[in-house]
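Chemist: Quick one, data-v8.pdb (PDB, C-alpha atoms):
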```pdb
ATOM      1  CA  MET A   6      -0.880  -7.721 -27.506
ATOM      2  CA  ARG A   7      -0.380  -4.108 -28.486
ATOM      3  CA  GLU A   8       2.153  -1.983 -26.638
ATOM      4  CA  ILE A   9       0.669   0.361 -24.042
ATOM      5  CA  THR A  10       2.413   3.732 -23.942
ATOM      6  CA  LYS A  11       3.462   5.474 -20.742
ATOM      7  CA  GLU A  12       1.156   8.342 -21.739
ATOM      8  CA  GLU A  13      -1.867   6.034 -22.080
ATOM      9  CA  ARG A  14      -1.135   4.357 -18.779
ATOM     10  CA  GLU A  15      -0.589   7.562 -16.829
ATOM     11  CA  GLN A  16      -2.941  10.044 -18.425
ATOM     12  CA  GLY A  17      -5.479   7.844 -20.177
ATOM     13  CA  HIS A  18      -9.026   7.014 -19.222
ATOM     14  CA  GLU A  19      -8.695   3.328 -19.997
ATOM     15  CA  PHE A  20      -8.237   0.950 -17.065
ATOM     16  CA  LEU A  21      -5.063  -0.973 -17.924
ATOM     17  CA  PRO A  22      -4.020  -2.710 -14.691
ATOM     18  CA  LYS A  23      -0.344  -3.622 -14.713
ATOM     19  CA  PHE A  24       0.350  -6.925 -13.000
ATOM     20  CA  ASP A  25       3.959  -7.691 -12.051
ATOM     21  CA  ALA A  26       6.054 -10.705 -13.081
ATOM     22  CA  HIS A  27       4.074 -12.811 -10.588
ATOM     23  CA  GLY A  28       0.729 -11.588 -11.962
ATOM     24  CA  LEU A  29       0.081  -9.409  -8.915
ATOM     25  CA  LEU A  30      -0.605  -5.794  -8.030
ATOM     26  CA  ILE A  31      -0.815  -4.057  -4.664
ATOM     27  CA  ALA A  32      -4.253  -3.272  -3.207
ATOM     28  CA  ILE A  33      -4.597  -0.947  -0.211
ATOM     29  CA  ALA A  34      -7.926  -0.915   1.639
ATOM     30  CA  VAL A  35      -8.899   2.419   3.188
ATOM     31  CA  ASP A  36     -11.894   3.095   5.431
ATOM     32  CA  SER A  37     -14.285   5.390   3.524
ATOM     33  CA  ARG A  38     -15.377   7.062   6.747
ATOM     34  CA  THR A  39     -12.091   7.629   8.589
ATOM     35  CA  ARG A  40      -9.628   7.384   5.633
ATOM     36  CA  GLU A  41      -7.499   5.097   7.807
ATOM     37  CA  ILE A  42      -5.482   2.421   5.994
ATOM     38  CA  LEU A  43      -6.991  -0.891   7.081
ATOM     39  CA  MET A  44      -4.792  -3.432   5.308
ATOM     40  CA  VAL A  45      -2.652  -4.047   2.268
ATOM     41  CA  ALA A  46      -2.519  -7.206   0.172
ATOM     42  CA  TYR A  47      -2.031  -8.448  -3.377
ATOM     43  CA  MET A  48      -4.573  -9.026  -6.125
ATOM     44  CA  ASP A  49      -4.202 -11.112  -9.243
ATOM     45  CA  GLU A  50      -6.497 -10.794 -12.251
ATOM     46  CA  GLU A  51      -9.042 -13.199 -10.730
ATOM     47  CA  ALA A  52      -9.190 -11.357  -7.385
ATOM     48  CA  LEU A  53      -9.666  -8.037  -9.165
ATOM     49  CA  ALA A  54     -12.439  -9.453 -11.363
ATOM     50  CA  LYS A  55     -14.232 -10.987  -8.352
ATOM     51  CA  THR A  56     -13.935  -7.738  -6.404
ATOM     52  CA  ARG A  57     -15.466  -5.736  -9.237
ATOM     53  CA  GLU A  58     -18.184  -8.348  -9.811
ATOM     54  CA  THR A  59     -19.284  -8.777  -6.184
ATOM     55  CA  GLY A  60     -18.373  -5.458  -4.550
ATOM     56  CA  LEU A  61     -16.534  -7.393  -1.822
ATOM     57  CA  ALA A  62     -12.732  -7.193  -1.580
ATOM     58  CA  HIS A  63     -10.970 -10.324  -2.822
ATOM     59  CA  PHE A  64      -7.207 -10.781  -2.738
ATOM     60  CA  HIS A  65      -4.674 -13.352  -3.812
ATOM     61  CA  SER A  66      -3.089 -15.073  -0.844
ATOM     62  CA  ARG A  67       0.575 -15.658  -1.636
ATOM     63  CA  SER A  68       1.039 -17.999   1.346
ATOM     64  CA  ARG A  69      -1.971 -20.136   0.449
ATOM     65  CA  GLY A  70      -1.565 -19.670  -3.298
ATOM     66  CA  ARG A  71      -5.251 -19.067  -3.885
ATOM     67  CA  LEU A  72      -8.117 -16.595  -4.205
ATOM     68  CA  TRP A  73      -9.075 -15.160  -0.828
ATOM     69  CA  LEU A  74     -12.378 -13.451  -0.119
ATOM     70  CA  LYS A  75     -11.568 -11.114   2.773
ATOM     71  CA  GLY A  76     -13.968 -12.132   5.562
ATOM     72  CA  GLU A  77     -14.616 -15.629   4.205
ATOM     73  CA  SER A  78     -13.909 -17.144   7.635
ATOM     74  CA  SER A  79     -14.440 -14.148   9.969
ATOM     75  CA  GLY A  80     -17.457 -12.598   8.267
ATOM     76  CA  HIS A  81     -15.573  -9.297   8.322
ATOM     77  CA  PHE A  82     -16.038  -8.381   4.679
ATOM     78  CA  LEU A  83     -14.844  -5.153   3.094
ATOM     79  CA  ARG A  84     -17.567  -3.544   0.960
ATOM     80  CA  VAL A  85     -15.881  -1.683  -1.868
ATOM     81  CA  GLU A  86     -17.344   1.748  -2.564
ATOM     82  CA  GLU A  87     -14.688   3.010  -4.943
ATOM     83  CA  ILE A  88     -11.493   1.802  -6.611
ATOM     84  CA  ARG A  89      -8.690   4.265  -7.284
ATOM     85  CA  VAL A  90      -5.639   3.530  -9.404
ATOM     86  CA  ASP A  91      -2.166   5.005  -9.267
ATOM     87  CA  CYS A  92      -0.185   6.691 -12.043
ATOM     88  CA  ASP A  93       1.371   3.566 -13.554
ATOM     89  CA  GLN A  94      -1.651   1.383 -12.737
ATOM     90  CA  ASP A  95       0.238  -1.201 -10.687
ATOM     91  CA  ALA A  96      -1.448  -0.310  -7.384
ATOM     92  CA  LEU A  97      -5.068   0.138  -6.338
ATOM     93  CA  GLU A  98      -6.681   1.967  -3.455
ATOM     94  CA  LEU A  99      -9.939   0.350  -2.375
ATOM     95  CA  VAL A 100     -12.201   2.758  -0.542
ATOM     96  CA  VAL A 101     -14.249   0.421   1.638
ATOM     97  CA  GLN A 102     -16.858   0.080   4.310
ATOM     98  CA  PRO A 103     -15.513  -2.572   6.724
ATOM     99  CA  GLU A 104     -17.936  -5.025   8.334
ATOM    100  CA  GLY A 105     -15.972  -5.486  11.527
ATOM    101  CA  PRO A 106     -12.259  -5.385  12.355
ATOM    102  CA  ALA A 107     -10.143  -5.594   9.190
ATOM    103  CA  CYS A 108      -7.190  -7.305  10.874
ATOM    104  CA  HIS A 109      -7.193 -11.016  11.712
ATOM    105  CA  THR A 110      -5.774 -10.053  15.159
ATOM    106  CA  GLY A 111      -9.059  -8.308  15.946
ATOM    107  CA  ALA A 112      -7.637  -4.808  15.494
ATOM    108  CA  ARG A 113      -9.634  -2.345  13.405
ATOM    109  CA  SER A 114      -6.623  -1.801  11.162
ATOM    110  CA  CYS A 115      -3.548  -3.972  10.581
ATOM    111  CA  PHE A 116      -1.452  -0.846  11.271
ATOM    112  CA  TYR A 117      -1.767  -0.720  15.074
ATOM    113  CA  ARG A 118       1.903  -0.133  15.980
ATOM    114  CA  ARG A 119       4.378   2.636  15.266
ATOM    115  CA  ILE A 120       8.159   2.638  15.478
ATOM    116  CA  ASP A 121       9.363   4.461  18.568
ATOM    117  CA  GLY A 122      13.158   4.434  18.586
ATOM    118  CA  ASN A 123      14.009   0.769  18.238
ATOM    119  CA  ARG A 124      10.750  -0.475  19.715
ATOM    120  CA  LEU A 125       7.194  -0.763  18.510
ATOM    121  CA  GLU A 126       4.497   1.094  20.371
ATOM    122  CA  SER A 127       0.859   0.051  20.114
ATOM    123  CA  PHE A 128      -1.787   2.687  19.603
ATOM    124  CA  GLU A 129      -5.427   3.053  18.734
ATOM    125  CA  SER A 130      -5.768   5.884  16.266
TER     126      SER A 130
ATOM    127  CA  MET B  19      19.146 -16.904  12.899
ATOM    128  CA  ARG B  20      16.576 -17.716  15.532
ATOM    129  CA  GLU B  21      12.991 -18.445  14.548
ATOM    130  CA  ILE B  22      10.587 -15.535  15.045
ATOM    131  CA  THR B  23       7.184 -16.674  16.280
ATOM    132  CA  LYS B  24       3.899 -15.395  14.861
ATOM    133  CA  GLU B  25       3.084 -14.067  18.348
ATOM    134  CA  GLU B  26       6.313 -12.048  18.513
ATOM    135  CA  ARG B  27       5.794 -10.629  15.060
ATOM    136  CA  GLU B  28       2.147  -9.687  15.579
ATOM    137  CA  GLN B  29       1.969  -8.718  19.222
ATOM    138  CA  GLY B  30       5.563  -7.947  20.135
ATOM    139  CA  HIS B  31       7.263  -4.631  20.651
ATOM    140  CA  GLU B  32      10.353  -5.556  18.673
ATOM    141  CA  PHE B  33      10.636  -4.202  15.139
ATOM    142  CA  LEU B  34      11.213  -7.300  12.995
ATOM    143  CA  PRO B  35      10.610  -6.183   9.406
ATOM    144  CA  LYS B  36       9.770  -9.083   7.126
ATOM    145  CA  PHE B  37      11.266  -8.732   3.670
ATOM    146  CA  ASP B  38       9.909 -11.003   0.927
ATOM    147  CA  ALA B  39      11.857 -13.424  -1.288
ATOM    148  CA  HIS B  40      13.177 -10.422  -3.245
ATOM    149  CA  GLY B  41      14.265  -8.613  -0.074
ATOM    150  CA  LEU B  42      11.421  -6.097  -0.313
ATOM    151  CA  LEU B  43       8.498  -4.840   1.700
ATOM    152  CA  ILE B  44       5.669  -2.475   0.765
ATOM    153  CA  ALA B  45       5.823   1.148   1.935
ATOM    154  CA  ILE B  46       2.778   3.407   1.657
ATOM    155  CA  ALA B  47       3.292   7.152   2.063
ATOM    156  CA  VAL B  48       0.389   9.044   3.627
ATOM    157  CA  ASP B  49       0.093  12.815   4.023
ATOM    158  CA  SER B  50       0.196  13.606   7.759
ATOM    159  CA  ARG B  51      -2.152  16.550   7.305
ATOM    160  CA  THR B  52      -4.827  15.161   4.968
ATOM    161  CA  ARG B  53      -4.307  11.378   5.534
ATOM    162  CA  GLU B  54      -4.430  10.977   1.753
ATOM    163  CA  ILE B  55      -2.356   8.134   0.282
ATOM    164  CA  LEU B  56       0.360   9.821  -1.764
ATOM    165  CA  MET B  57       2.250   6.887  -3.269
ATOM    166  CA  VAL B  58       3.219   3.278  -2.740
ATOM    167  CA  ALA B  59       6.597   1.709  -3.464
ATOM    168  CA  TYR B  60       9.002  -0.945  -2.227
ATOM    169  CA  MET B  61      11.789  -0.725   0.321
ATOM    170  CA  ASP B  62      14.703  -3.059   0.824
ATOM    171  CA  GLU B  63      16.830  -3.141   3.973
ATOM    172  CA  GLU B  64      19.072  -0.326   2.695
ATOM    173  CA  ALA B  65      16.156   1.975   1.811
ATOM    174  CA  LEU B  66      14.581   1.400   5.218
ATOM    175  CA  ALA B  67      17.863   2.128   7.002
ATOM    176  CA  LYS B  68      18.433   5.323   4.973
ATOM    177  CA  THR B  69      14.871   6.471   5.633
ATOM    178  CA  ARG B  70      15.261   6.002   9.376
ATOM    179  CA  GLU B  71      18.700   7.624   9.371
ATOM    180  CA  THR B  72      17.831  10.729   7.327
ATOM    181  CA  GLY B  73      14.104  11.204   7.964
ATOM    182  CA  LEU B  74      13.574  11.368   4.192
ATOM    183  CA  ALA B  75      11.705   8.576   2.391
ATOM    184  CA  HIS B  76      13.981   6.266   0.403
ATOM    185  CA  PHE B  77      12.706   3.364  -1.679
ATOM    186  CA  HIS B  78      14.144   0.589  -3.780
ATOM    187  CA  SER B  79      13.468   1.124  -7.459
ATOM    188  CA  ARG B  80      12.728  -2.261  -9.020
ATOM    189  CA  SER B  81      13.006  -0.864 -12.561
ATOM    190  CA  ARG B  82      16.348   0.813 -11.947
ATOM    191  CA  GLY B  83      17.548  -1.824  -9.478
ATOM    192  CA  ARG B  84      18.896   0.718  -7.025
ATOM    193  CA  LEU B  85      18.322   2.871  -3.955
ATOM    194  CA  TRP B  86      16.041   5.795  -4.734
ATOM    195  CA  LEU B  87      15.753   8.896  -2.599
ATOM    196  CA  LYS B  88      12.262  10.200  -3.330
ATOM    197  CA  GLY B  89      12.767  13.751  -4.600
ATOM    198  CA  GLU B  90      16.398  13.235  -5.637
ATOM    199  CA  SER B  91      15.706  14.756  -9.055
ATOM    200  CA  SER B  92      12.516  16.779  -8.417
ATOM    201  CA  GLY B  93      13.344  18.148  -4.977
ATOM    202  CA  HIS B  94       9.951  16.880  -3.816
ATOM    203  CA  PHE B  95      11.131  15.002  -0.752
ATOM    204  CA  LEU B  96       8.845  13.247   1.699
ATOM    205  CA  ARG B  97       9.729  14.119   5.313
ATOM    206  CA  VAL B  98       8.865  11.123   7.472
ATOM    207  CA  GLU B  99       7.140  12.006  10.735
ATOM    208  CA  GLU B 100       6.141   8.511  11.785
ATOM    209  CA  ILE B 101       6.501   4.914  10.598
ATOM    210  CA  ARG B 102       3.710   2.438  11.272
ATOM    211  CA  VAL B 103       3.994  -1.288  10.735
ATOM    212  CA  ASP B 104       1.311  -3.844   9.952
ATOM    213  CA  CYS B 105       0.440  -7.044  11.829
ATOM    214  CA  ASP B 106       2.927  -9.367  10.112
ATOM    215  CA  GLN B 107       5.515  -6.592   9.638
ATOM    216  CA  ASP B 108       5.782  -6.917   5.855
ATOM    217  CA  ALA B 109       4.272  -3.498   5.119
ATOM    218  CA  LEU B 110       4.963   0.003   6.412
ATOM    219  CA  GLU B 111       2.876   3.149   6.491
ATOM    220  CA  LEU B 112       5.013   6.280   6.297
ATOM    221  CA  VAL B 113       3.247   9.313   7.712
ATOM    222  CA  VAL B 114       4.915  12.148   5.830
ATOM    223  CA  GLN B 115       5.044  15.838   5.144
ATOM    224  CA  PRO B 116       5.435  16.157   1.354
ATOM    225  CA  GLU B 117       7.612  18.922  -0.064
ATOM    226  CA  GLY B 118       5.663  19.380  -3.276
ATOM    227  CA  PRO B 119       3.634  17.005  -5.448
ATOM    228  CA  ALA B 120       4.364  13.371  -4.567
ATOM    229  CA  CYS B 121       3.668  12.042  -8.065
ATOM    230  CA  HIS B 122       6.176  12.357 -10.901
ATOM    231  CA  THR B 123       3.249  13.472 -13.119
ATOM    232  CA  GLY B 124       2.903  16.614 -10.994
ATOM    233  CA  ALA B 125      -0.207  15.407  -9.187
ATOM    234  CA  ARG B 126      -0.325  15.761  -5.406
ATOM    235  CA  SER B 127      -0.983  12.032  -5.073
ATOM    236  CA  CYS B 128      -0.321   9.164  -7.490
ATOM    237  CA  PHE B 129      -3.951   8.112  -6.936
ATOM    238  CA  TYR B 130      -5.688  10.737  -9.101
ATOM    239  CA  ARG B 131      -8.102   8.494 -11.020
ATOM    240  CA  ARG B 132     -10.979   6.261  -9.977
ATOM    241  CA  ILE B 133     -12.661   3.436 -11.867
ATOM    242  CA  ASP B 134     -16.026   4.512 -13.219
ATOM    243  CA  GLY B 135     -17.641   1.568 -15.005
ATOM    244  CA  ASN B 136     -14.962   0.515 -17.473
ATOM    245  CA  ARG B 137     -13.309   3.924 -17.648
ATOM    246  CA  LEU B 138     -11.023   5.927 -15.426
ATOM    247  CA  GLU B 139     -12.206   9.266 -14.184
ATOM    248  CA  SER B 140      -9.735  11.920 -12.999
ATOM    249  CA  PHE B 141     -10.447  13.781  -9.786
ATOM    250  CA  GLU B 142      -8.786  16.073  -7.327
ATOM    251  CA  SER B 143      -9.683  14.898  -3.846
TER     252      SER B 143
END
```
As structure tokens, what does this structure read like?

Modeler:
Amino acid sequence: MREITKEEREQGHEFLPKFDAHGLLIAIAVDSRTREILMVAYMDEEALAKTRETGLAHFHSRSRGRLWLKGESSGHFLRVEEIRVDCDQDALELVVQPEGPACHTGARSCFYRRIDGNRLESFES
Amino acid sequence: MREITKEEREQGHEFLPKFDAHGLLIAIAVDSRTREILMVAYMDEEALAKTRETGLAHFHSRSRGRLWLKGESSGHFLRVEEIRVDCDQDALELVVQPEGPACHTGARSCFYRRIDGNRLESFES
């Protein structure tokens, strides 16, 4: 495999996703309407390919060690409208339209608490 | 160390950050004014403590294997206004006021390209 330069990765127009030693990259799902971060998870090459192919967010579940279609059990799929990539191409931002609450707890976003001193405070943003 | 239940971690008001096997968790910096994702990186226990202590975002650089104060060489610090935590407490959202471009390339955000077919397209959001 040819060496990819820092210049190509950061300034180029070729999509060259950089998976880590475990074959994973970070994927952050953001609501296209509100811009709120809904959830963050990992993708491997298979999850990324399935996401691009189907338009539905797929991740790699580290705990279950397998491909995970977000919404496969809840029906709360994330429809991907756009995929953004960061400078070194080891993280993706998925701009999505959520079909229901994104969090398995039933919250719209997984980020429903903030640190307040040494405690967590719940909020609905 | 006592066992932390799923209920405590997801619904509790105690901050119980969950570091992975490498002692890391994901931290996503978001602009408090525009809500734009600026960058994503990892934090270890030390970086989290320093961030909370100083109000400036610190990360753990995996490539350099050390604590990294964002802006230490560029002066482009991220002032942390709020820290949000996700359901299982293995990811943080830092709501920040950036002092200059957040990306080392000079871009305001590290996410300055989107996938367009098989190419990357640059944009300024």

Chemist: What residues in chain B lie within 9 Å of chain A, counting only C-alpha atoms, written as a PyMOL selection string?

Modeler: chain B and resi 28-33+44+46+53-55+57-58+100-106+109-111+121-123+127-134+136-140

Chemist: Find the residues with any atom within 10 Å of (10.1, -9.3, 1.5); use all atoms listed in the file and the coordinates as given in the file, and write the answer as a VMD selection string.

Modeler: chain B and resid 35 to 44 60 to 63 107 to 109

Chemist: Mind giving me the straight-line distance from atom CA of A:Ser37 to atom CA of A:Pro103 in Å, one decimal?

Modeler: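 Distance between the two atoms: 8.7 Å.
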
Chemist: Quick one: residues within 8 Å of stretch 82-85 of chain A, all atoms listed in the file, excluding same-chain residues fewer than 6 positions away - as an MDAnalysis selection string?

Modeler: chainID A and resid 56 60:62 74:76 99:105 107

Chemist: Report as AutoDock Vina command-line options the centre and the edge lengths, in Å to one decimal, of the axis-aligned box holding every listed atom of stretch 36-51 of chain B, padded by 6 Å on each side.

Modeler:
```
--center_x 6.1 --center_y 1.6 --center_z 2.3 --size_x 28.4 --size_y 42.0 --size_z 23.0
```

Chemist: Interatomic distance between atom CA of B:Ser92 and atom CA of B:His78?

Modeler: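 Atom-to-atom, atom CA of B:Ser92 to atom CA of B:His78, that is 16.9 Å.
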
Chemist: What separation in Å, quoted to one decimal, exists between atom CA of A:Arg113 and atom CA of B:Ala67?

Modeler: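 These atoms are spaced 28.6 Å apart.
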